[in-house]
Amino acid sequence: MHLHLLVPGLIWPSIHARGFAHTLTLPALSRLLGVGRHRAEPAETPEQTWARFFNTDTATLADAPLRRWGEADALRVDTPLLCADPSHLHFAGSHLLLTDAGELAITRDEADALLDALNAEFADIGRFEAPTPDRWYLHPTHPPTAQLSRLSATTGRPIVHYLPSNGDALVWQRTMNEIQVVLHNHPINRTREAAGQRAINSVWFWGAGSLPASLTPPAQHIAASSPLVRGMARAAGREPTRPATFADLPAGDALVELPDAYHASLYLDLDPWQAAVLDLEQRWFAPALAALKAGTVKTLTLTIPDERGGRQITLSKRHLWCFWRKPQSLETFTLANYS
């Protein structure tokens with residue numbers, strides 16, 4: 001068995017931070033970081049890394065129909081589609097920043113009411129739908145020709161740098177502004193604000209396009225929880241699994257998505273990030289390393305996507321005998337590579 005773990009968010013993103021991981025007890029991860037063979041990877045978002053693994057062009061891949069196929073109802077959409085994700089825009093100083101739906105705790109009733117308003121007001125641009133309260137889609141009347149930035153590249157950053165560009169960019173910028181007016185005035189948001197919750201005051205369009213003819217599967221088994229990766233697996237002819245721990249993996253080579261720490265890392269939210277990393281140590285890193293020692297795992301690879309430049313660490317059982325290579329803490333590894 002060859003096991004490949006892809007762990008976005010494992011690298012703490014602030015280059016000025018110190019002490020973010022020095023109290024964490026991570027013996028298995030430290031062993032992997034210390035004795036494994038290291039390789040630099042491109043500067044990428046997790047979505048771009050996954051596209052590369054599926055041997056497709058990250059610049060032109062349509063995330064929206066793939067993510068839609070990966071939702072719980074596994075709906076395959078063969079017409080153009082956009083992600084139209086609910087978000088909260090707010091000023092921090094002079095910058096307008098985006099907070100994604102993962103921070104908004106949107107209920108099913110709220111999503112339905114807001115989508116009813118959008119579909120009534122913007123029927124000319126297409127039809128909105130929401131298979132989950134925090135992931136929305138637009139079936140467009142006229143697919144955009146503009147370049148649209150991925151949500152993960154925009155989250156927590158000044159949106160001025162990520163607005164639609166080229167092609168019909170002005171059309172989509174105007175549409176976003178008009179949607180913001182409708183959402184701002186909706187009773188749902190007045191109720192949320194009265195309760196001390198952030199308003200759902202914008203949508204972010206991204207991932208436009210149609211399903212690719214097919215994708216190349218990167219492994220025999222693909223284990224993933226995020227809809228985008230699950231949709232990629234289905235487009236590659238693999239039905240994704242959703243194992244909770246290493247012990248739940250099916251027999252055979254596997255590529256596993258471990259996104260638990262990613263969302264907290266985007267928001268520099270230290271406590272949940274630390275909790276997620278400790279949980280990954282117990283559920284994945286420690287048992288995988290034990291399986292490598294026992295010989296049931298032949299090679300163990302850890303890929304860490306990062307927009308400053310990713311890292312890949314690979315080791316086999318023989319690397320464990322390299323006594324001169326000492327364990328390396330996650331904090332030491334991060335500071336050595338990113339400070």
# chains A, B, ... in the order shown; residues from 1 in each chain; ligands from 1
$ closest_atom_pairs --of "region 1-110 of chain A" --to "region 118-127 of chain A" --cutoff "12 Å" --atoms "only C-alpha atoms" --output "JSON lines"
{"residue": "A:Pro80", "atom": "CA", "partner": "A:Gly126", "partner_atom": "CA", "distance": 10.7}
{"residue": "A:Leu81", "atom": "CA", "partner": "A:Gly126", "partner_atom": "CA", "distance": 9.7}
{"residue": "A:Leu82", "atom": "CA", "partner": "A:Gly126", "partner_atom": "CA", "distance": 10.2}
{"residue": "A:Cys83", "atom": "CA", "partner": "A:Arg127", "partner_atom": "CA", "distance": 11.7}
{"residue": "A:Ala84", "atom": "CA", "partner": "A:Arg127", "partner_atom": "CA", "distance": 10.6}
{"residue": "A:Pro86", "atom": "CA", "partner": "A:Leu118", "partner_atom": "CA", "distance": 11.6}
$ select_by_dssp --residues "region 55-227 of chain A" --states "alpha helix (DSSP H)" --output "ChimeraX atom specification"
/A:63-69,108-121,151-154,169-184,187-194,227
$ atom_distance --atom1 "CA of Ser149 (chain A)" --atom2 "CA of Leu61 (chain A)"
12.2 Å
$ closest_residue --among "A:Thr145, A:Asn177, A:Gln220, A:Ser202" --to "Ser165 (chain A)" --atoms "only C-alpha atoms"
A:Thr145
$ residues_around --residues "Thr299 (chain A)" --least-positions-apart "5" --cutoff "8 Å" --atoms "only C-alpha atoms" --output "MDAnalysis selection string"
chainID A and resid 1:3 292 314:317
$ closest_residue --among "A:Pro327, A:Pro305, A:Pro133, A:Pro287" --to "Trp12 (chain A)" --atoms "only C-alpha atoms"
A:Pro305
$ residues_around --residues "Ala261 (chain A)" --least-positions-apart "5" --cutoff "7 Å" --atoms "only C-alpha atoms" --output "mmCIF file with all heavy atoms, in the first residue's frame"
data_model
loop_
_atom_site.group_PDB
_atom_site.id
_atom_site.type_symbol
_atom_site.label_atom_id
_atom_site.label_comp_id
_atom_site.auth_asym_id
_atom_site.auth_seq_id
_atom_site.Cartn_x
_atom_site.Cartn_y
_atom_site.Cartn_z
ATOM 1 N N GLY A 9 -3.329 23.721 5.046
ATOM 2 C CA GLY A 9 -3.442 24.412 6.324
ATOM 3 C C GLY A 9 -2.515 23.913 7.404
ATOM 4 O O GLY A 9 -2.535 24.432 8.524
ATOM 5 N N LEU A 10 -1.677 22.921 7.108
ATOM 6 C CA LEU A 10 -0.764 22.413 8.126
ATOM 7 C C LEU A 10 0.338 23.421 8.447
ATOM 8 O O LEU A 10 0.877 23.440 9.548
ATOM 9 C CB LEU A 10 -0.155 21.083 7.664
ATOM 10 C CG LEU A 10 0.673 20.328 8.695
ATOM 11 C CD1 LEU A 10 -0.166 19.955 9.913
ATOM 12 C CD2 LEU A 10 1.281 19.073 8.084
ATOM 13 N N TRP A 273 -7.140 25.623 15.119
ATOM 14 C CA TRP A 273 -6.069 25.071 14.278
ATOM 15 C C TRP A 273 -5.243 24.074 15.062
ATOM 16 O O TRP A 273 -4.953 22.963 14.583
ATOM 17 C CB TRP A 273 -5.186 26.204 13.756
ATOM 18 C CG TRP A 273 -4.047 25.736 12.916
ATOM 19 C CD1 TRP A 273 -4.064 25.416 11.585
ATOM 20 C CD2 TRP A 273 -2.691 25.505 13.342
ATOM 21 N NE1 TRP A 273 -2.828 25.008 11.160
ATOM 22 C CE2 TRP A 273 -1.959 25.058 12.216
ATOM 23 C CE3 TRP A 273 -2.048 25.647 14.558
ATOM 24 C CZ2 TRP A 273 -0.606 24.740 12.292
ATOM 25 C CZ3 TRP A 273 -0.693 25.335 14.643
ATOM 26 C CH2 TRP A 273 0.009 24.892 13.514
ATOM 27 N N ALA A 276 -7.172 20.888 15.574
ATOM 28 C CA ALA A 276 -7.254 20.094 14.350
ATOM 29 C C ALA A 276 -5.953 19.351 14.090
ATOM 30 O O ALA A 276 -5.959 18.173 13.696
ATOM 31 C CB ALA A 276 -7.593 20.997 13.169
ATOM 32 N N VAL A 277 -4.810 20.002 14.294
ATOM 33 C CA VAL A 277 -3.520 19.353 14.067
ATOM 34 C C VAL A 277 -3.320 18.199 15.048
ATOM 35 O O VAL A 277 -2.849 17.111 14.671
ATOM 36 C CB VAL A 277 -2.371 20.377 14.164
ATOM 37 C CG1 VAL A 277 -1.021 19.670 14.090
ATOM 38 C CG2 VAL A 277 -2.481 21.422 13.049
#
$ atom_distance --atom1 "CA of Asp57 (chain A)" --atom2 "CA of Leu98 (chain A)"
26.6 Å
$ residues_around --residues "Trp284 (chain A)" --least-positions-apart "2" --cutoff "12 Å" --atoms "only C-alpha atoms" --output "VMD selection string"
chain A and resid 3 to 7 26 28 to 29 243 to 249 256 to 258 260 276 to 282 286 to 291 300 302
$ select_by_dssp --residues "region 166-277 of chain A" --states "strand (DSSP E or B)" --output "list of chain:residue names"
A:Ser202, A:Val203, A:Trp204, A:Phe205, A:Trp206, A:Gly207, A:Ala208, A:Gly209, A:His221, A:Ile222, A:Ala223, A:Thr241, A:Ala254, A:Leu255, A:Val256, A:Glu257
$ write_last_selection --atoms "N, CA and C atoms" --output "tab-separated table (two decimals), in the first residue's frame"
chain	number	residue	atom	x	y	z
A	202	SER	N	-23.33	39.30	0.51
A	202	SER	CA	-22.74	39.22	-0.83
A	202	SER	C	-22.69	37.77	-1.27
A	203	VAL	N	-22.46	37.58	-2.55
A	203	VAL	CA	-22.10	36.25	-3.07
A	203	VAL	C	-20.78	36.42	-3.82
A	204	TRP	N	-20.02	35.33	-3.84
A	204	TRP	CA	-18.74	35.35	-4.56
A	204	TRP	C	-18.84	34.36	-5.71
A	205	PHE	N	-18.72	34.88	-6.93
A	205	PHE	CA	-18.78	34.03	-8.12
A	205	PHE	C	-17.39	33.50	-8.44
A	206	TRP	N	-17.30	32.19	-8.69
A	206	TRP	CA	-16.02	31.60	-9.06
A	206	TRP	C	-16.27	30.20	-9.64
A	207	GLY	N	-15.22	29.62	-10.18
A	207	GLY	CA	-15.27	28.23	-10.65
A	207	GLY	C	-16.11	28.01	-11.89
A	208	ALA	N	-16.29	29.02	-12.73
A	208	ALA	CA	-17.21	28.91	-13.87
A	208	ALA	C	-16.73	27.91	-14.90
A	209	GLY	N	-17.70	27.25	-15.54
A	209	GLY	CA	-17.37	26.37	-16.65
A	209	GLY	C	-18.26	25.14	-16.70
A	221	HIS	N	-7.63	4.53	-4.71
A	221	HIS	CA	-8.69	5.01	-3.83
A	221	HIS	C	-8.47	6.49	-3.55
A	222	ILE	N	-9.55	7.25	-3.58
A	222	ILE	CA	-9.49	8.67	-3.25
A	222	ILE	C	-10.44	8.90	-2.08
A	223	ALA	N	-9.88	9.33	-0.97
A	223	ALA	CA	-10.66	9.57	0.24
A	223	ALA	C	-10.74	11.07	0.46
A	241	THR	N	-14.30	7.71	-1.08
A	241	THR	CA	-14.68	7.25	0.26
A	241	THR	C	-14.54	8.43	1.22
A	254	ALA	N	-3.86	4.70	-1.73
A	254	ALA	CA	-4.87	5.71	-1.41
A	254	ALA	C	-4.27	7.11	-1.39
A	255	LEU	N	-5.06	8.06	-1.87
A	255	LEU	CA	-4.77	9.48	-1.77
A	255	LEU	C	-5.87	10.08	-0.90
A	256	VAL	N	-5.46	10.71	0.21
A	256	VAL	CA	-6.41	11.12	1.23
A	256	VAL	C	-6.35	12.63	1.44
A	257	GLU	N	-7.50	13.27	1.41
A	257	GLU	CA	-7.61	14.69	1.72
A	257	GLU	C	-7.85	14.86	3.22
$ atom_distance --atom1 "CA of Arg190 (chain A)" --atom2 "CA of Ala113 (chain A)"
13.1 Å
$ closest_residue --among "A:Leu24, A:Leu89, A:Ile200, A:Ala195" --to "Asp134 (chain A)" --atoms "only C-alpha atoms"
A:Ile200
$ closest_residue --among "A:Leu163, A:Leu75, A:Leu151, A:Ala199" --to "Leu104 (chain A)" --atoms "only C-alpha atoms"
A:Ala199
$ residues_around --residues "His95 (chain A)" --least-positions-apart "2" --cutoff "10 Å" --atoms "only C-alpha atoms" --output "CSV table (one decimal) with all heavy atoms, in the first residue's frame"
chain,number,residue,atom,x,y,z
A,90,HIS,N,-16.9,43.2,4.8
A,90,HIS,CA,-16.8,44.2,5.9
A,90,HIS,C,-15.5,44.9,5.7
A,90,HIS,O,-14.5,44.4,5.1
A,90,HIS,CB,-16.8,43.5,7.3
A,90,HIS,CG,-15.6,42.5,7.4
A,90,HIS,ND1,-15.6,41.3,6.9
A,90,HIS,CD2,-14.4,42.6,8.1
A,90,HIS,CE1,-14.4,40.7,7.2
A,90,HIS,NE2,-13.7,41.5,8.0
A,91,PHE,N,-15.4,46.1,6.2
A,91,PHE,CA,-14.2,46.9,6.2
A,91,PHE,C,-13.3,46.7,7.4
A,91,PHE,O,-13.8,46.6,8.5
A,91,PHE,CB,-14.6,48.4,6.1
A,91,PHE,CG,-15.0,48.9,4.7
A,91,PHE,CD1,-16.3,49.1,4.4
A,91,PHE,CD2,-14.0,49.2,3.8
A,91,PHE,CE1,-16.6,49.5,3.1
A,91,PHE,CE2,-14.3,49.6,2.5
A,91,PHE,CZ,-15.7,49.8,2.2
A,92,ALA,N,-12.0,46.6,7.1
A,92,ALA,CA,-11.0,46.5,8.1
A,92,ALA,C,-10.0,47.7,7.7
A,92,ALA,O,-9.2,47.5,6.8
A,92,ALA,CB,-10.3,45.2,8.1
A,93,GLY,N,-10.1,48.8,8.4
A,93,GLY,CA,-9.4,50.0,8.0
A,93,GLY,C,-10.0,50.4,6.7
A,93,GLY,O,-11.2,50.6,6.5
A,97,LEU,N,-12.9,43.4,3.1
A,97,LEU,CA,-12.5,42.0,3.2
A,97,LEU,C,-13.7,41.0,3.1
A,97,LEU,O,-14.8,41.4,3.4
A,97,LEU,CB,-11.8,41.7,4.6
A,97,LEU,CG,-10.6,42.6,5.0
A,97,LEU,CD1,-10.0,42.2,6.3
A,97,LEU,CD2,-9.6,42.6,3.9
A,98,LEU,N,-13.4,39.8,2.7
A,98,LEU,CA,-14.5,38.8,2.6
A,98,LEU,C,-14.3,37.7,3.6
A,98,LEU,O,-13.2,37.2,3.8
A,98,LEU,CB,-14.4,38.2,1.2
A,98,LEU,CG,-15.4,37.1,0.8
A,98,LEU,CD1,-15.8,37.2,-0.7
A,98,LEU,CD2,-14.9,35.7,1.1
A,157,ARG,N,-9.0,38.5,2.6
A,157,ARG,CA,-8.0,39.4,1.9
A,157,ARG,C,-8.8,40.6,1.3
A,157,ARG,O,-10.0,40.4,1.0
A,157,ARG,CB,-7.2,38.6,0.9
A,157,ARG,CG,-6.4,37.6,1.5
A,157,ARG,CD,-5.7,36.7,0.4
A,157,ARG,NE,-4.9,35.7,1.1
A,157,ARG,CZ,-4.3,34.7,0.4
A,157,ARG,NH1,-4.5,34.5,-0.9
A,157,ARG,NH2,-3.6,33.8,1.0
A,158,PRO,N,-8.1,41.7,1.0
A,158,PRO,CA,-8.8,42.8,0.3
A,158,PRO,C,-9.4,42.3,-1.1
A,158,PRO,O,-8.6,41.9,-2.0
A,158,PRO,CB,-7.7,43.8,0.1
A,158,PRO,CG,-6.8,43.5,1.2
A,158,PRO,CD,-6.8,42.0,1.3
A,159,ILE,N,-10.7,42.4,-1.3
A,159,ILE,CA,-11.3,41.8,-2.5
A,159,ILE,C,-10.9,42.6,-3.7
A,159,ILE,O,-11.1,42.1,-4.8
A,159,ILE,CB,-12.8,41.6,-2.3
A,159,ILE,CG1,-13.5,43.0,-2.3
A,159,ILE,CG2,-13.1,40.8,-1.1
A,159,ILE,CD1,-15.0,42.9,-2.5
A,160,VAL,N,-10.5,43.9,-3.5
A,160,VAL,CA,-10.2,44.7,-4.7
A,160,VAL,C,-9.2,44.0,-5.6
A,160,VAL,O,-9.2,44.2,-6.9
A,160,VAL,CB,-9.6,46.1,-4.3
A,160,VAL,CG1,-8.3,46.0,-3.6
A,160,VAL,CG2,-9.6,47.0,-5.4
$ residues_around --residues "Arg311 (chain A)" --least-positions-apart "2" --cutoff "8 Å" --atoms "only C-alpha atoms" --output "JSON, numbers by chain"
{"A": [38, 39, 40, 41, 303, 304, 305, 306, 309, 313]}
$ write_last_selection --atoms "C-alpha atoms" --output "PDB file, in the first residue's frame"
ATOM      1  CA  HIS A  38      11.677  16.762   1.171  1.00  0.00           C
ATOM      2  CA  ARG A  39      10.711  18.306  -2.155  1.00  0.00           C
ATOM      3  CA  ALA A  40       9.554  21.832  -2.958  1.00  0.00           C
ATOM      4  CA  GLU A  41       6.121  22.101  -4.572  1.00  0.00           C
ATOM      5  CA  THR A 303       1.837  16.972   0.622  1.00  0.00           C
ATOM      6  CA  ILE A 304       1.311  20.401   2.168  1.00  0.00           C
ATOM      7  CA  PRO A 305      -0.161  22.936  -0.290  1.00  0.00           C
ATOM      8  CA  ASP A 306       0.756  26.529   0.421  1.00  0.00           C
ATOM      9  CA  GLY A 309       5.301  27.316  -1.970  1.00  0.00           C
ATOM     10  CA  ILE A 313       7.696  14.785   2.311  1.00  0.00           C
TER      11      ILE A 313
END
$ closest_residue --among "A:Ile106, A:Asn337, A:Asp271, A:Pro259" --to "Thr23 (chain A)" --atoms "only C-alpha atoms"
A:Asp271
